[in-house]
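Peer 1: This is the content of upload-v2.cif (mmCIF, C-alpha atoms and all ligand atoms):
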data_start
#
loop_
_atom_site.group_PDB
_atom_site.id
_atom_site.type_symbol
_atom_site.label_atom_id
_atom_site.label_comp_id
_atom_site.auth_asym_id
_atom_site.auth_seq_id
_atom_site.Cartn_x
_atom_site.Cartn_y
_atom_site.Cartn_z
ATOM 1 C CA MET A 1 37.168 10.261 -42.725
ATOM 2 C CA LEU A 2 35.536 6.823 -42.753
ATOM 3 C CA PRO A 3 37.191 3.941 -44.573
ATOM 4 C CA ILE A 4 35.368 1.861 -47.161
ATOM 5 C CA ILE A 5 35.019 -1.663 -45.807
ATOM 6 C CA SER A 6 33.253 -3.762 -48.424
ATOM 7 C CA LYS A 7 34.144 -4.563 -52.031
ATOM 8 C CA LYS A 8 30.585 -3.647 -53.061
ATOM 9 C CA GLU A 9 30.866 -0.193 -51.502
ATOM 10 C CA LEU A 10 34.317 0.241 -53.069
ATOM 11 C CA LEU A 11 33.005 -0.532 -56.552
ATOM 12 C CA LYS A 12 30.171 1.967 -56.038
ATOM 13 C CA HIS A 13 32.722 4.680 -55.191
ATOM 14 C CA LEU A 14 34.897 3.791 -58.166
ATOM 15 C CA GLN A 15 31.937 3.849 -60.563
ATOM 16 C CA LYS A 16 31.104 7.393 -59.421
ATOM 17 C CA LEU A 17 34.486 8.776 -60.469
ATOM 18 C CA SER A 18 34.331 10.827 -63.661
ATOM 19 C CA ASP A 19 37.680 9.587 -64.982
ATOM 20 C CA ASN A 20 38.696 6.477 -63.158
ATOM 21 C CA SER A 21 41.449 5.857 -65.680
ATOM 22 C CA ASN A 22 43.401 8.414 -63.662
ATOM 23 C CA LEU A 23 43.433 6.511 -60.402
ATOM 24 C CA GLY A 24 46.525 5.946 -58.246
ATOM 25 C CA LEU A 25 46.622 3.015 -55.805
ATOM 26 C CA VAL A 26 48.797 2.917 -52.685
ATOM 27 C CA PRO A 27 48.553 -0.539 -51.052
ATOM 28 C CA THR A 28 49.629 -0.614 -47.373
ATOM 29 C CA MET A 29 49.265 -2.724 -44.278
ATOM 30 C CA GLY A 30 48.638 0.369 -42.135
ATOM 31 C CA ALA A 31 50.823 1.600 -39.244
ATOM 32 C CA LEU A 32 51.647 4.399 -41.635
ATOM 33 C CA HIS A 33 54.844 6.459 -41.361
ATOM 34 C CA GLU A 34 56.692 9.091 -43.395
ATOM 35 C CA GLY A 35 57.703 6.444 -45.950
ATOM 36 C CA HIS A 36 54.044 5.705 -46.708
ATOM 37 C CA ALA A 37 53.272 9.439 -46.650
ATOM 38 C CA SER A 38 55.831 9.966 -49.425
ATOM 39 C CA LEU A 39 54.100 7.324 -51.595
ATOM 40 C CA ILE A 40 50.674 8.860 -50.965
ATOM 41 C CA LYS A 41 51.947 12.387 -51.714
ATOM 42 C CA LYS A 42 53.478 11.182 -54.985
ATOM 43 C CA ALA A 43 50.193 9.486 -55.922
ATOM 44 C CA VAL A 44 48.279 12.712 -55.174
ATOM 45 C CA LEU A 45 50.648 14.688 -57.412
ATOM 46 C CA ASP A 46 50.380 12.187 -60.290
ATOM 47 C CA SER A 47 46.739 11.142 -60.220
ATOM 48 C CA GLU A 48 43.332 12.765 -60.095
ATOM 49 C CA TYR A 49 41.976 10.139 -57.719
ATOM 50 C CA VAL A 50 43.903 8.244 -55.074
ATOM 51 C CA ILE A 51 42.966 5.189 -53.094
ATOM 52 C CA VAL A 52 45.013 3.946 -50.124
ATOM 53 C CA THR A 53 44.325 0.398 -48.978
ATOM 54 C CA ILE A 54 44.954 -0.696 -45.396
ATOM 55 C CA PHE A 55 44.957 -4.451 -45.019
ATOM 56 C CA VAL A 56 47.237 -6.643 -42.907
ATOM 57 C CA ASN A 57 47.455 -9.550 -45.301
ATOM 58 C CA PRO A 58 47.673 -12.830 -43.340
ATOM 59 C CA THR A 59 48.908 -14.967 -46.249
ATOM 60 C CA GLN A 60 52.223 -13.110 -46.499
ATOM 61 C CA PHE A 61 53.239 -13.830 -42.890
ATOM 62 C CA ASP A 62 55.119 -17.073 -42.294
ATOM 63 C CA ASN A 63 55.494 -16.212 -38.614
ATOM 64 C CA PRO A 64 52.192 -16.053 -36.639
ATOM 65 C CA GLU A 65 53.838 -13.969 -33.893
ATOM 66 C CA ASP A 66 54.911 -11.367 -36.436
ATOM 67 C CA LEU A 67 51.333 -11.168 -37.735
ATOM 68 C CA GLU A 68 49.934 -10.897 -34.220
ATOM 69 C CA LYS A 69 52.377 -8.115 -33.309
ATOM 70 C CA TYR A 70 51.713 -6.139 -36.455
ATOM 71 C CA PRO A 71 50.575 -2.717 -35.161
ATOM 72 C CA ASN A 72 47.011 -1.544 -35.771
ATOM 73 C CA THR A 73 46.835 2.268 -35.764
ATOM 74 C CA LEU A 74 43.802 2.820 -37.995
ATOM 75 C CA ASN A 75 42.654 6.145 -36.513
ATOM 76 C CA LYS A 76 46.131 7.644 -36.683
ATOM 77 C CA ASP A 77 46.524 6.299 -40.242
ATOM 78 C CA LEU A 78 43.252 7.922 -41.309
ATOM 79 C CA GLU A 79 44.376 11.245 -39.791
ATOM 80 C CA LEU A 80 47.675 11.102 -41.672
ATOM 81 C CA ILE A 81 45.920 10.327 -44.969
ATOM 82 C CA HIS A 82 43.362 13.082 -44.348
ATOM 83 C CA SER A 83 46.166 15.597 -43.641
ATOM 84 C CA ILE A 84 47.656 14.835 -47.078
ATOM 85 C CA SER A 85 44.295 15.246 -48.802
ATOM 86 C CA PRO A 86 40.709 14.848 -47.547
ATOM 87 C CA ASP A 87 39.722 13.543 -51.012
ATOM 88 C CA ILE A 88 41.760 10.332 -50.777
ATOM 89 C CA MET A 89 39.641 7.169 -50.597
ATOM 90 C CA VAL A 90 40.626 4.573 -48.011
ATOM 91 C CA PHE A 91 39.758 0.904 -48.414
ATOM 92 C CA ALA A 92 40.230 -1.082 -45.185
ATOM 93 C CA PRO A 93 38.538 -4.450 -45.736
ATOM 94 C CA THR A 94 38.253 -7.373 -43.326
ATOM 95 C CA ILE A 95 40.015 -10.692 -43.983
ATOM 96 C CA GLN A 96 36.633 -12.265 -44.763
ATOM 97 C CA GLU A 97 35.900 -9.574 -47.363
ATOM 98 C CA ILE A 98 39.142 -10.320 -49.224
ATOM 99 C CA TYR A 99 39.463 -14.087 -48.813
ATOM 100 C CA ASP A 100 35.908 -15.289 -48.043
ATOM 101 C CA ASP A 101 36.401 -18.451 -46.009
ATOM 102 C CA THR A 102 39.594 -19.655 -47.694
ATOM 103 C CA VAL A 103 42.624 -17.741 -46.438
ATOM 104 C CA VAL A 104 45.202 -19.167 -48.857
ATOM 105 C CA SER A 105 47.536 -17.648 -51.408
ATOM 106 C CA ASN A 106 47.834 -18.368 -55.115
ATOM 107 C CA THR A 107 51.033 -19.947 -56.395
ATOM 108 C CA TYR A 108 53.033 -17.932 -58.915
ATOM 109 C CA ASP A 109 56.089 -18.539 -61.026
ATOM 110 C CA PHE A 110 58.132 -15.390 -60.445
ATOM 111 C CA HIS A 111 61.018 -16.755 -62.531
ATOM 112 C CA GLY A 112 63.305 -17.189 -59.532
ATOM 113 C CA LEU A 113 62.927 -13.645 -58.165
ATOM 114 C CA ASP A 114 61.245 -15.123 -55.082
ATOM 115 C CA LYS A 115 63.858 -17.806 -54.411
ATOM 116 C CA VAL A 116 66.581 -15.580 -52.921
ATOM 117 C CA MET A 117 66.945 -13.311 -49.871
ATOM 118 C CA GLU A 118 63.457 -12.665 -48.389
ATOM 119 C CA GLY A 119 62.115 -15.676 -50.309
ATOM 120 C CA GLU A 120 64.759 -17.908 -48.748
ATOM 121 C CA PHE A 121 63.980 -16.804 -45.216
ATOM 122 C CA ARG A 122 60.201 -16.187 -45.402
ATOM 123 C CA ASP A 123 58.355 -19.240 -46.636
ATOM 124 C CA ASN A 124 55.602 -18.512 -49.206
ATOM 125 C CA HIS A 125 55.845 -14.773 -48.425
ATOM 126 C CA PHE A 126 55.835 -13.599 -52.036
ATOM 127 C CA ASN A 127 52.923 -15.822 -53.063
ATOM 128 C CA GLY A 128 50.982 -14.046 -50.294
ATOM 129 C CA VAL A 129 52.106 -10.613 -51.477
ATOM 130 C CA GLY A 130 51.286 -11.526 -55.086
ATOM 131 C CA THR A 131 47.820 -12.736 -54.111
ATOM 132 C CA ILE A 132 46.800 -9.571 -52.270
ATOM 133 C CA VAL A 133 48.383 -7.191 -54.778
ATOM 134 C CA GLU A 134 46.712 -8.975 -57.715
ATOM 135 C CA THR A 135 43.374 -8.850 -55.854
ATOM 136 C CA LEU A 136 43.694 -5.118 -55.107
ATOM 137 C CA LEU A 137 44.833 -4.246 -58.635
ATOM 138 C CA LYS A 138 41.940 -6.172 -60.175
ATOM 139 C CA LEU A 139 39.414 -4.653 -57.755
ATOM 140 C CA THR A 140 40.471 -1.045 -58.285
ATOM 141 C CA ASN A 141 41.909 -1.127 -61.821
ATOM 142 C CA PRO A 142 44.267 1.827 -61.252
ATOM 143 C CA LYS A 143 46.442 3.566 -63.824
ATOM 144 C CA ARG A 144 49.407 3.569 -61.398
ATOM 145 C CA ALA A 145 50.334 1.720 -58.204
ATOM 146 C CA TYR A 146 53.029 2.904 -55.803
ATOM 147 C CA PHE A 147 55.570 0.748 -53.944
ATOM 148 C CA GLY A 148 58.569 1.700 -51.821
ATOM 149 C CA GLU A 149 62.116 0.676 -52.749
ATOM 150 C CA LYS A 150 62.786 -0.406 -49.162
ATOM 151 C CA ASP A 151 61.072 -3.647 -50.204
ATOM 152 C CA PHE A 152 63.005 -3.719 -53.468
ATOM 153 C CA GLN A 153 62.612 -7.464 -53.986
ATOM 154 C CA GLN A 154 58.841 -7.096 -53.477
ATOM 155 C CA LEU A 155 58.819 -4.251 -56.006
ATOM 156 C CA ARG A 156 60.587 -6.391 -58.641
ATOM 157 C CA ILE A 157 58.192 -9.272 -57.951
ATOM 158 C CA ILE A 158 55.152 -7.020 -58.327
ATOM 159 C CA GLN A 159 56.521 -5.762 -61.647
ATOM 160 C CA LYS A 160 56.873 -9.424 -62.709
ATOM 161 C CA LEU A 161 53.364 -10.214 -61.391
ATOM 162 C CA THR A 162 51.756 -7.532 -63.551
ATOM 163 C CA LYS A 163 53.603 -8.932 -66.595
ATOM 164 C CA ILE A 164 52.703 -12.593 -66.036
ATOM 165 C CA GLN A 165 49.090 -11.826 -65.084
ATOM 166 C CA GLU A 166 48.830 -9.178 -67.846
ATOM 167 C CA ILE A 167 47.548 -6.452 -65.528
ATOM 168 C CA PRO A 168 47.717 -3.070 -67.291
ATOM 169 C CA VAL A 169 49.129 -0.785 -64.589
ATOM 170 C CA GLU A 170 52.244 1.354 -64.196
ATOM 171 C CA ILE A 171 54.217 0.294 -61.126
ATOM 172 C CA VAL A 172 55.820 3.421 -59.663
ATOM 173 C CA PRO A 173 58.926 2.807 -57.488
ATOM 174 C CA CYS A 174 59.402 5.342 -54.672
ATOM 175 C CA PRO A 175 62.729 6.063 -52.931
ATOM 176 C CA ILE A 176 63.468 4.899 -49.389
ATOM 177 C CA VAL A 177 62.698 7.459 -46.660
ATOM 178 C CA ARG A 178 65.079 7.366 -43.680
ATOM 179 C CA GLU A 179 65.123 8.445 -40.058
ATOM 180 C CA ASP A 180 67.744 11.080 -39.125
ATOM 181 C CA HIS A 181 70.399 8.491 -38.297
ATOM 182 C CA GLY A 182 69.818 6.583 -41.538
ATOM 183 C CA LEU A 183 67.500 3.751 -40.469
ATOM 184 C CA ALA A 184 64.998 3.040 -43.268
ATOM 185 C CA MET A 185 61.447 3.974 -42.203
ATOM 186 C CA SER A 186 59.385 0.889 -41.369
ATOM 187 C CA SER A 187 56.299 0.134 -39.280
ATOM 188 C CA ARG A 188 58.517 -2.315 -37.371
ATOM 189 C CA ASN A 189 60.778 0.516 -36.115
ATOM 190 C CA GLU A 190 58.094 1.314 -33.513
ATOM 191 C CA ARG A 191 58.894 -2.025 -31.870
ATOM 192 C CA LEU A 192 62.555 -1.071 -31.267
ATOM 193 C CA ASP A 193 63.598 0.424 -27.940
ATOM 194 C CA SER A 194 65.353 3.763 -28.341
ATOM 195 C CA ASN A 195 68.851 2.387 -27.702
ATOM 196 C CA ILE A 196 68.492 -0.369 -30.317
ATOM 197 C CA ARG A 197 66.743 1.970 -32.734
ATOM 198 C CA HIS A 198 69.780 4.212 -32.557
ATOM 199 C CA LYS A 199 72.218 1.280 -32.955
ATOM 200 C CA ALA A 200 70.243 0.086 -36.004
ATOM 201 C CA GLY A 201 71.653 3.120 -37.855
ATOM 202 C CA LEU A 202 74.617 0.770 -38.426
ATOM 203 C CA ILE A 203 72.568 -1.058 -41.076
ATOM 204 C CA TYR A 204 72.546 1.913 -43.441
ATOM 205 C CA SER A 205 76.077 3.082 -42.630
ATOM 206 C CA THR A 206 77.274 -0.466 -43.478
ATOM 207 C CA LEU A 207 75.418 -0.336 -46.805
ATOM 208 C CA LYS A 208 76.985 3.034 -47.625
ATOM 209 C CA THR A 209 80.508 1.750 -46.890
ATOM 210 C CA ALA A 210 79.786 -1.438 -48.890
ATOM 211 C CA LYS A 211 78.877 0.825 -51.803
ATOM 212 C CA GLN A 212 82.216 2.639 -51.524
ATOM 213 C CA LYS A 213 84.076 -0.680 -51.337
ATOM 214 C CA PHE A 214 82.205 -1.950 -54.427
ATOM 215 C CA GLY A 215 84.448 0.347 -56.506
ATOM 216 C CA THR A 216 87.649 -1.451 -55.488
ATOM 217 C CA LYS A 217 86.987 -4.661 -53.515
ATOM 218 C CA SER A 218 85.663 -8.050 -54.653
ATOM 219 C CA VAL A 219 82.120 -9.241 -53.813
ATOM 220 C CA PRO A 220 83.317 -12.048 -51.424
ATOM 221 C CA ASN A 221 85.610 -9.549 -49.714
ATOM 222 C CA ILE A 222 82.749 -7.084 -49.107
ATOM 223 C CA LYS A 223 80.451 -9.886 -47.852
ATOM 224 C CA GLU A 224 83.095 -11.034 -45.394
ATOM 225 C CA TRP A 225 83.638 -7.468 -44.192
ATOM 226 C CA VAL A 226 79.892 -7.033 -43.528
ATOM 227 C CA GLN A 227 79.724 -10.342 -41.620
ATOM 228 C CA ASP A 228 82.622 -9.237 -39.404
ATOM 229 C CA ILE A 229 80.972 -5.893 -38.635
ATOM 230 C CA PHE A 230 77.832 -7.588 -37.272
ATOM 231 C CA LEU A 231 79.714 -10.349 -35.435
ATOM 232 C CA SER A 232 81.049 -7.692 -33.096
ATOM 233 C CA GLU A 233 77.546 -6.253 -32.384
ATOM 234 C CA ASN A 234 75.553 -7.741 -29.518
ATOM 235 C CA ASP A 235 72.091 -6.405 -30.325
ATOM 236 C CA LEU A 236 72.249 -6.680 -34.116
ATOM 237 C CA GLU A 237 72.259 -10.088 -35.738
ATOM 238 C CA LEU A 238 72.912 -10.334 -39.476
ATOM 239 C CA GLU A 239 70.541 -12.690 -41.322
ATOM 240 C CA TYR A 240 71.865 -12.069 -44.820
ATOM 241 C CA PHE A 241 73.867 -9.598 -46.857
ATOM 242 C CA ASP A 242 73.856 -10.074 -50.606
ATOM 243 C CA ILE A 243 74.918 -8.236 -53.726
ATOM 244 C CA THR A 244 72.684 -9.042 -56.676
ATOM 245 C CA ASP A 245 71.958 -8.159 -60.261
ATOM 246 C CA VAL A 246 69.123 -5.580 -60.081
ATOM 247 C CA GLU A 247 67.107 -7.226 -62.870
ATOM 248 C CA THR A 248 67.275 -10.922 -61.996
ATOM 249 C CA LEU A 249 68.169 -10.582 -58.275
ATOM 250 C CA THR A 250 70.733 -13.339 -58.853
ATOM 251 C CA PRO A 251 73.500 -13.089 -56.243
ATOM 252 C CA ALA A 252 76.684 -11.777 -57.857
ATOM 253 C CA LYS A 253 79.965 -13.668 -57.559
ATOM 254 C CA ARG A 254 81.959 -10.938 -59.270
ATOM 255 C CA LYS A 255 81.235 -7.561 -60.812
ATOM 256 C CA GLN A 256 80.544 -7.551 -64.563
ATOM 257 C CA LYS A 257 80.373 -4.680 -67.016
ATOM 258 C CA ASN A 258 76.966 -3.258 -68.016
ATOM 259 C CA ILE A 259 75.114 -4.843 -65.098
ATOM 260 C CA LYS A 260 73.452 -2.798 -62.375
ATOM 261 C CA TYR A 261 73.916 -4.140 -58.858
ATOM 262 C CA ARG A 262 72.239 -3.579 -55.521
ATOM 263 C CA ALA A 263 73.216 -4.646 -51.997
ATOM 264 C CA PHE A 264 70.534 -6.117 -49.718
ATOM 265 C CA ILE A 265 70.601 -6.721 -45.986
ATOM 266 C CA ALA A 266 68.352 -8.265 -43.291
ATOM 267 C CA VAL A 267 69.202 -7.815 -39.626
ATOM 268 C CA TYR A 268 67.495 -8.770 -36.364
ATOM 269 C CA ALA A 269 67.680 -5.732 -34.083
ATOM 270 C CA GLY A 270 66.672 -6.714 -30.541
ATOM 271 C CA GLY A 271 64.532 -9.480 -32.083
ATOM 272 C CA VAL A 272 62.843 -7.234 -34.687
ATOM 273 C CA ARG A 273 63.613 -8.088 -38.300
ATOM 274 C CA LEU A 274 64.697 -5.107 -40.423
ATOM 275 C CA ILE A 275 65.605 -4.964 -44.120
ATOM 276 C CA ASP A 276 67.325 -2.349 -46.248
ATOM 277 C CA ASN A 277 69.126 -2.013 -49.585
ATOM 278 C CA ILE A 278 71.219 0.374 -51.665
ATOM 279 C CA ALA A 279 72.011 0.861 -55.355
ATOM 280 C CA LEU A 280 75.718 0.165 -55.920
ATOM 281 C CA ASN A 281 76.357 1.517 -59.419
HETATM 282 O O1 LIG A 301 54.640 -3.595 -48.515
HETATM 283 C C1 LIG A 301 53.573 -3.836 -47.914
HETATM 284 O O2 LIG A 301 53.143 -3.089 -47.035
HETATM 285 C C2 LIG A 301 52.780 -5.079 -48.271
HETATM 286 O O3 LIG A 301 53.621 -6.131 -48.597
HETATM 287 C C3 LIG A 301 51.738 -4.834 -49.387
HETATM 288 C C4 LIG A 301 52.400 -4.470 -50.687
HETATM 289 C C5 LIG A 301 50.784 -3.742 -48.960
HETATM 290 C C6 LIG A 301 50.940 -6.122 -49.611
HETATM 291 O O4 LIG A 301 50.282 -6.544 -48.464
#
The structure in this file should be written as structure tokens.

Peer 2:
Amino acid sequence: MLPIISKKELLKHLQKLSDNSNLGLVPTMGALHEGHASLIKKAVLDSEYVIVTIFVNPTQFDNPEDLEKYPNTLNKDLELIHSISPDIMVFAPTIQEIYDDTVVSNTYDFHGLDKVMEGEFRDNHFNGVGTIVETLLKLTNPKRAYFGEKDFQQLRIIQKLTKIQEIPVEIVPCPIVREDHGLAMSSRNERLDSNIRHKAGLIYSTLKTAKQKFGTKSVPNIKEWVQDIFLSENDLELEYFDITDVETLTPAKRKQKNIKYRAFIAVYAGGVRLIDNIALN
């Protein structure tokens, strides 16, 4: 299976499809794992044609070291995609092909969704995500696009992006896939040594207990409890834990009736930044 590299070639492929209104898009940055596989399998079930994009988007990285360390496993990725279905198209463009000579992001007004949590700790990250996702949606014009709930804030921002930019596409959220001990699947997990990878199971077990506590304890009380848990862990450093309204992502001070909440967490595990989240009610 050879990936499509240029936009011109991509458009040629898309024009050849008999019914390209039934196209599913799965945008990725490669280093594919079972979480990505679940998105691709869902797209194959829903759509007649599927395109997976593999592009490590430089404008969404605020940390050059993180970008540099981002794993490149193209051959393995292509094998995984091929094992799901040999008919899937793969678009793996170069930076030049996407950005020409100007590697900068657009600036969006995401109505505050980008100002909390990841947005607070990763400068300009969501403008970079918005830029590449808008570019890919406009290039491929799919009926559906698939995003994992592990990056729940990203998912909400992409839903907002398609509204403000009036892009006619159904955004399909896909559930988090976890390793046996609960750690959410992520390309970054490969950078964890086995001891720390095992310890990082604490992230999900903390979220599950926070969910139980949400029935009876106050929001500040749960936040304090989570902080204490990580203070006593040498290899796991808590960056943030927040409970927010699912729609607006506004941090909650107290629980209110008829509002859906989610808990979000970011932790450095042996220097690798991991995120996770859980629905609370
Ligand atoms: O979630 C990701 O892998 C990336 O943020 C995405 C959506 C492919 C954009 O580069």

Peer 1: Give as a count of residues only the residues surrounding ligand LIG 301 (chain A) up to a distance of 7 Å, considering all atoms listed in the file.

Peer 2: 11

Peer 1: Between CA of Glu48 in chain A and CA of Cys174 in chain A, what is the distance in Å, rounded to a tenth?

Peer 2: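 So the answer is 18.5 Å.
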
Peer 1: I'd like the neighbourhood of Met89 in chain A as a PyMOL selection string, where a residue qualifies if any of its atoms comes within 8 Å (using all atoms listed in the file), though same-chain residues fewer than 2 positions away should be ignored.

Peer 2: chain A and resi 3-4+50-52+87+91

Peer 1: Quick one: which range 52-112 of chain A residues come within 9 Å of range 30-34 of chain A, and what is the nearest atom pair for each with the distance in Å to one decimal, counting all atoms listed in the file, rows ordered by chain and ascending number, as CSV?

Peer 2:
residue,atom,partner,partner_atom,distance
A:Thr53,CA,A:Gly30,CA,8.1
A:Ile54,CA,A:Gly30,CA,5.0
A:Phe55,CA,A:Gly30,CA,6.7
A:Val56,CA,A:Gly30,CA,7.2
A:Tyr70,CA,A:Ala31,CA,8.3
A:Pro71,CA,A:Ala31,CA,5.9
A:Asn72,CA,A:Ala31,CA,6.0
A:Thr73,CA,A:Ala31,CA,5.3
A:Leu74,CA,A:Gly30,CA,6.8
A:Lys76,CA,A:Ala31,CA,8.1
A:Asp77,CA,A:Leu32,CA,5.6
A:Leu80,CA,A:Leu32,CA,7.8
A:Ile81,CA,A:Leu32,CA,8.9

Peer 1: Please compute the CA of Ile265 in chain A-CA of Lys115 in chain A distance, one decimal, in Å.

Peer 2: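 Straight-line distance from CA of Ile265 in chain A to CA of Lys115 in chain A works out to 15.5 Å.
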
Peer 1: I want to know what sits within 10 Å of range 270-276 of chain A, based on all atoms listed in the file, with residues of the same chain fewer than 4 positions away left out; could you give that as an MDAnalysis selection string?

Peer 2: chainID A and resid 66 118 149:152 176 183:193 195:197 200 203:204 207 234:241 263:266

Peer 1: Which polymer residues, whether protein, DNA or RNA, lie within 7 Å of the coordinate (58.2, -15.9, -55.9) when you count only C-alpha atoms? List them as a VMD selection string, using the chain letters and numbers from the file.

Peer 2: chain A and resid 108 to 110 112 to 115 119 126 to 127 157

Peer 1: Select, from A:Pro173, A:Asp19, A:Leu136, A:Ser6, the residue with the minimum atom-to-atom distance to Ala43 in chain A, counting only C-alpha atoms.

Peer 2: A:Pro173

Peer 1: Name all residues at most 12 Å from Asn22 in chain A (count only C-alpha atoms; drop same-chain ones fewer than 5 positions away) and give them as a VMD selection string.

Peer 2: chain A and resid 14 17 43 to 51 140 to 145 169 to 170

Peer 1: Taking the file as I've supplied it (selection: the PyMOL selection byres (((chain A and resi 61-65) around 8) and not hetatm)), which residues are included? Please answer as a PyMOL selection string.

Peer 2: chain A and resi 57-60+66-69+122-125+128

Peer 1: Identify all residues satisfying the PyMOL selection byres (((chain A and resi 247) around 10) and not hetatm) in the given file; provide them as a list in words.

Peer 2: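 What the PyMOL selection byres (((chain A and resi 247) around 10) and not hetatm) grabs from the file is Leu113, Gln153, Arg156, Thr244, Asp245, Val246, Thr248, Leu249, Thr250, Ile259, Lys260, Tyr261 and Arg262 of chain A.
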
Peer 1: Nearest residue to His36 in chain A out of A:His111, A:Arg178, A:Lys7, A:Lys138, using all atoms listed in the file?

Peer 2: A:Arg178

Peer 1: Given the PyMOL selection byres (((chain A and resi 98-105) around 7) and not hetatm) and the file above, list the residues it selects as a short mmCIF file (atom, residue, chain, number, x, y, z; two decimals) with C-alpha atoms, in the coordinates of the input.

Peer 2:
data_model
loop_
_atom_site.label_atom_id
_atom_site.label_comp_id
_atom_site.auth_asym_id
_atom_site.auth_seq_id
_atom_site.Cartn_x
_atom_site.Cartn_y
_atom_site.Cartn_z
CA THR A 59 48.91 -14.97 -46.25
CA PRO A 93 38.54 -4.45 -45.74
CA THR A 94 38.25 -7.37 -43.33
CA ILE A 95 40.02 -10.69 -43.98
CA GLN A 96 36.63 -12.26 -44.76
CA GLU A 97 35.90 -9.57 -47.36
CA ASN A 106 47.83 -18.37 -55.12
CA THR A 107 51.03 -19.95 -56.40
CA ASN A 127 52.92 -15.82 -53.06
CA GLY A 128 50.98 -14.05 -50.29
CA THR A 131 47.82 -12.74 -54.11
#

Peer 1: Grab the CA of Gly148 in chain A to CA of Asp180 in chain A distance for me, in Å with one decimal place.

Peer 2: 18.3 Å

Peer 1: Range 213-222 of chain A: which residues within 9 Å, counting only C-alpha atoms, same-chain residues fewer than 6 positions away excluded, as number ranges by chain?

Peer 2: A: 242-243, 252-255, 280-281

Peer 1: For Tyr146 in chain A, which residue out of A:Glu224, A:Lys42, A:Ser18, A:Ala92 is the nearest one, using only C-alpha atoms?

Peer 2: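 Checking each of A:Glu224, A:Lys42, A:Ser18, A:Ala92 against Tyr146 in chain A, counting only C-alpha atoms, the winner is A:Lys42.
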
Peer 1: Taking all atoms of range 174-180 of chain A that the file lists and extending 3 Å past them on each side, where is the centre of the axis-aligned box and how long are its edges? Answer in Å to one decimal, as lines of an AutoDock Vina configuration file.

Peer 2:
center_x = 63.6
center_y = 8.0
center_z = -46.9
size_x = 14.3
size_y = 12.2
size_z = 21.5

Peer 1: Which residues come within 12 Å of Glu166 in chain A, counting only C-alpha atoms, excluding same-chain residues fewer than 6 positions away, as a PyMOL selection string?

Peer 2: chain A and resi 134+137-138+158-160
